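Comments concern the structure below.
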Amino acid sequence: MQQTESNEISKNMEVIGMIEGFVSETINTNLVNPDECWQPTDFLPDLTQEDAIDQIIKLRERSATIPDSIITSLVGNMITEEALPSYQTYFNLIVNSERELTSENGWVRWSRAWTAEENRHGDLLNKYLYLSGRCDMKAVEQTIHRLIYNGFNPNTNNDPYQAIVYTSFQERATKISHVNTGKLADKAGDNNLSRICKTIAGDEARHEKAYKAFMSKIFEIDPNGALAAFDKMMRKQITMPAVLMDHGGKNPNLFADFSAITQKIGVYTTWDYASIIEHLVALWKIETLTGLKDGASKAQEYLCTLAARYKRIAERMKVPDDINLSWLAPQQFSF
């Protein structure tokens, strides 16, 4: 069994090498030059200006209108983004056969450029939350530390195909989460936070587009292998990146509680999970794939009916109770 899996991964790595040129082109068309990208300071008080304190006061006044549940969800999103060292390490271990981080190989360049863009997300949300005074930043920082300390395991079994299915799914999930948070912030009266969330979501949309294109190429070259990888990932379920934020910590239910909050306020729900499956199944034309090996029909049937199963689960789910996490500041202060 292990030998079979090893042979399969070797074969998949050959295909990964075949589309390296396409990945290089994608960097030029989907990612932005560092000198031209937005940066966190574009959305935050400029502390070099004489009115810096006034700018901070305005930020705090706006953030004071945001309900605790939205702040908690935002903290969880930020913590997820801050674990980027783990994500880049993981991706390089999977697709970087050269083991050289400064290589000009398309996959290695993509890994660097992608995580460089992603890095701004955690920086921006972290600074916003710090200045807002809405959080117990020591508790937040401890959670970030623990998440990176624990590492990252998306359960892809060192298979590059499964890794790209995972990132295709996760980039779309993250985009949805930031879009919905932005809508809630706008409704609560903080238009600047809304703009922050929508800008981050725009990045995630570009990254999602790229990963889905990579997987589409794999489906063109190796439909049987691609279908098998998609099937395996969805049967295991997609593990959220921040799932280990509480492993070994004082609150073993921290991630479950955070997930319940995002479900309750509509930031990321079981309905969203189902919609992503439905989207990817349609995008990769799973129902109409041809030239497949015997037995592939089971994977096709499973994937094509999976979204409907999750929708039925979503219909039966109860609204979670109100939950307060240690990330929130105990009280509010004013200048």
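Lettering and numbering for the structure tokens are positional, with chains as A, B, ... in the shown order, residues counted from 1 in each chain, and ligands counted from 1 in the shown order.
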Long-range neighbours of region 83-93 of chain A as an mmCIF file with N, CA and C atoms, in the first residue's frame, 6 Å cut-off, only C-alpha atoms, 5 positions minimum in chain:
```cif
data_model
loop_
_atom_site.group_PDB
_atom_site.id
_atom_site.type_symbol
_atom_site.label_atom_id
_atom_site.label_comp_id
_atom_site.auth_asym_id
_atom_site.auth_seq_id
_atom_site.Cartn_x
_atom_site.Cartn_y
_atom_site.Cartn_z
ATOM 1 N N ILE A 148 1.398 28.601 15.587
ATOM 2 C CA ILE A 148 2.633 28.393 14.833
ATOM 3 C C ILE A 148 3.492 27.322 15.508
ATOM 4 N N GLY A 151 2.207 23.918 14.488
ATOM 5 C CA GLY A 151 2.375 23.556 13.085
ATOM 6 C C GLY A 151 1.062 23.472 12.332
ATOM 7 N N PHE A 152 1.114 22.822 11.188
ATOM 8 C CA PHE A 152 -0.007 22.851 10.253
ATOM 9 C C PHE A 152 -0.077 21.512 9.531
#
```
Determine, using only C-alpha atoms, which residues of region 89-197 of chain A have any atom at most 7 Å from an atom of region 223-233 of chain A, and tabulate each with its shortest atom pair and distance in Å to one decimal place, rows ordered by chain and then rising number, as CSV.
```
residue,atom,partner,partner_atom,distance
A:Tyr161,CA,A:Ala229,CA,5.9
A:Gln162,CA,A:Ala229,CA,5.1
A:Val165,CA,A:Phe230,CA,6.2
```
- Exercise: Ser73 (chain A) partners within 7 Å, only C-alpha atoms, chain neighbours under 4 positions left out, as a ChimeraX atom specification: /A:69,77,258,261-262
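The coordinates place CA of Gln49 (chain A) at 27.7 Å from CA of Ala329 (chain A).
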Applying 7 Å and only C-alpha atoms, which residues near Val108 (chain A) remain after dropping the ones on its own chain fewer than 4 positions away? List them as a CSV table (one decimal) with all heavy atoms, in the first residue's frame.
```csv
chain,number,residue,atom,x,y,z
A,92,ASN,N,6.2,24.4,0.4
A,92,ASN,CA,7.5,24.1,-0.1
A,92,ASN,C,7.9,22.7,0.0
A,92,ASN,O,8.5,22.1,-0.9
A,92,ASN,CB,8.5,25.0,0.5
A,92,ASN,CG,8.7,26.3,-0.2
A,92,ASN,OD1,8.9,26.4,-1.4
A,92,ASN,ND2,8.6,27.4,0.5
A,96,ASN,N,8.3,21.7,-3.8
A,96,ASN,CA,9.6,22.2,-4.1
A,96,ASN,C,10.6,21.1,-4.1
A,96,ASN,O,11.2,20.8,-3.0
A,96,ASN,CB,10.0,23.3,-3.0
A,96,ASN,CG,11.4,23.9,-3.3
A,96,ASN,OD1,12.0,23.5,-4.3
A,96,ASN,ND2,11.8,24.8,-2.4
A,101,LEU,N,15.0,27.7,-1.5
A,101,LEU,CA,14.0,28.7,-1.4
A,101,LEU,C,14.2,29.9,-2.3
A,101,LEU,O,13.3,30.7,-2.4
A,101,LEU,CB,13.8,29.1,0.1
A,101,LEU,CG,13.4,27.9,1.0
A,101,LEU,CD1,13.2,28.5,2.4
A,101,LEU,CD2,12.1,27.3,0.5
A,103,SER,N,15.2,29.6,-5.4
A,103,SER,CA,15.1,29.1,-6.8
A,103,SER,C,14.2,29.9,-7.7
A,103,SER,O,13.3,30.5,-7.2
A,103,SER,CB,14.7,27.6,-6.8
A,103,SER,OG,14.3,27.2,-8.1
A,104,GLU,N,14.5,29.9,-9.0
A,104,GLU,CA,13.6,30.6,-10.0
A,104,GLU,C,12.6,29.6,-10.5
A,104,GLU,O,11.9,30.0,-11.5
A,104,GLU,CB,14.4,31.2,-11.1
A,104,GLU,CG,15.2,32.5,-10.6
A,104,GLU,CD,14.3,33.5,-10.1
A,104,GLU,OE1,13.4,34.0,-10.8
A,104,GLU,OE2,14.5,33.9,-8.9
A,112,ARG,N,6.8,31.8,-2.7
A,112,ARG,CA,7.3,33.1,-2.1
A,112,ARG,C,6.4,34.2,-2.3
A,112,ARG,O,6.0,35.0,-1.4
A,112,ARG,CB,8.7,33.4,-2.7
A,112,ARG,CG,9.8,32.4,-2.4
A,112,ARG,CD,11.2,33.0,-2.6
A,112,ARG,NE,11.3,33.6,-3.9
A,112,ARG,CZ,11.9,33.0,-5.0
A,112,ARG,NH1,12.3,31.7,-4.8
A,112,ARG,NH2,12.0,33.6,-6.1
```
- So which residues touch region 194-198 of chain A within 9 Å, counting only C-alpha atoms, skipping near sequence neighbours fewer than 4 positions away, as JSON, numbers by chain? {"A": [40, 43, 124, 125, 175, 177, 178, 179, 180, 181, 182, 183, 184, 185, 186, 187, 189, 190, 202, 203]}
- Atom pair CA of Gly248 (chain A) / CA of Trp327 (chain A): separation (Å): 17.3 Å
- Task: Give me the residues within 12 Å of Asp46 (chain A) as a PyMOL selection string, counting only C-alpha atoms and dropping any in the same chain fewer than 6 places off.
- Result: chain A and resi 40+52-56+59+127+131
- Task: Find the residues near region 297-314 of chain A: any atom within 10 Å, counting only C-alpha atoms, skip ones fewer than 3 places away on the same chain, and give them as a VMD selection string.
- Result: chain A and resid 227 to 232 234 to 235 269 to 282 285 to 289 292 to 294 317 to 318
- Message: As an exercise, work out the distance from CA of Leu193 (chain A) to CA of Ala242 (chain A) in Å and give it to one decimal place.
- Response: 22.1 Å
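Here the question is which of A:Asn150, A:His207, A:Ile70, A:Asn192 gets nearest to Thr115 (chain A) using only C-alpha atoms, and that residue is A:His207.
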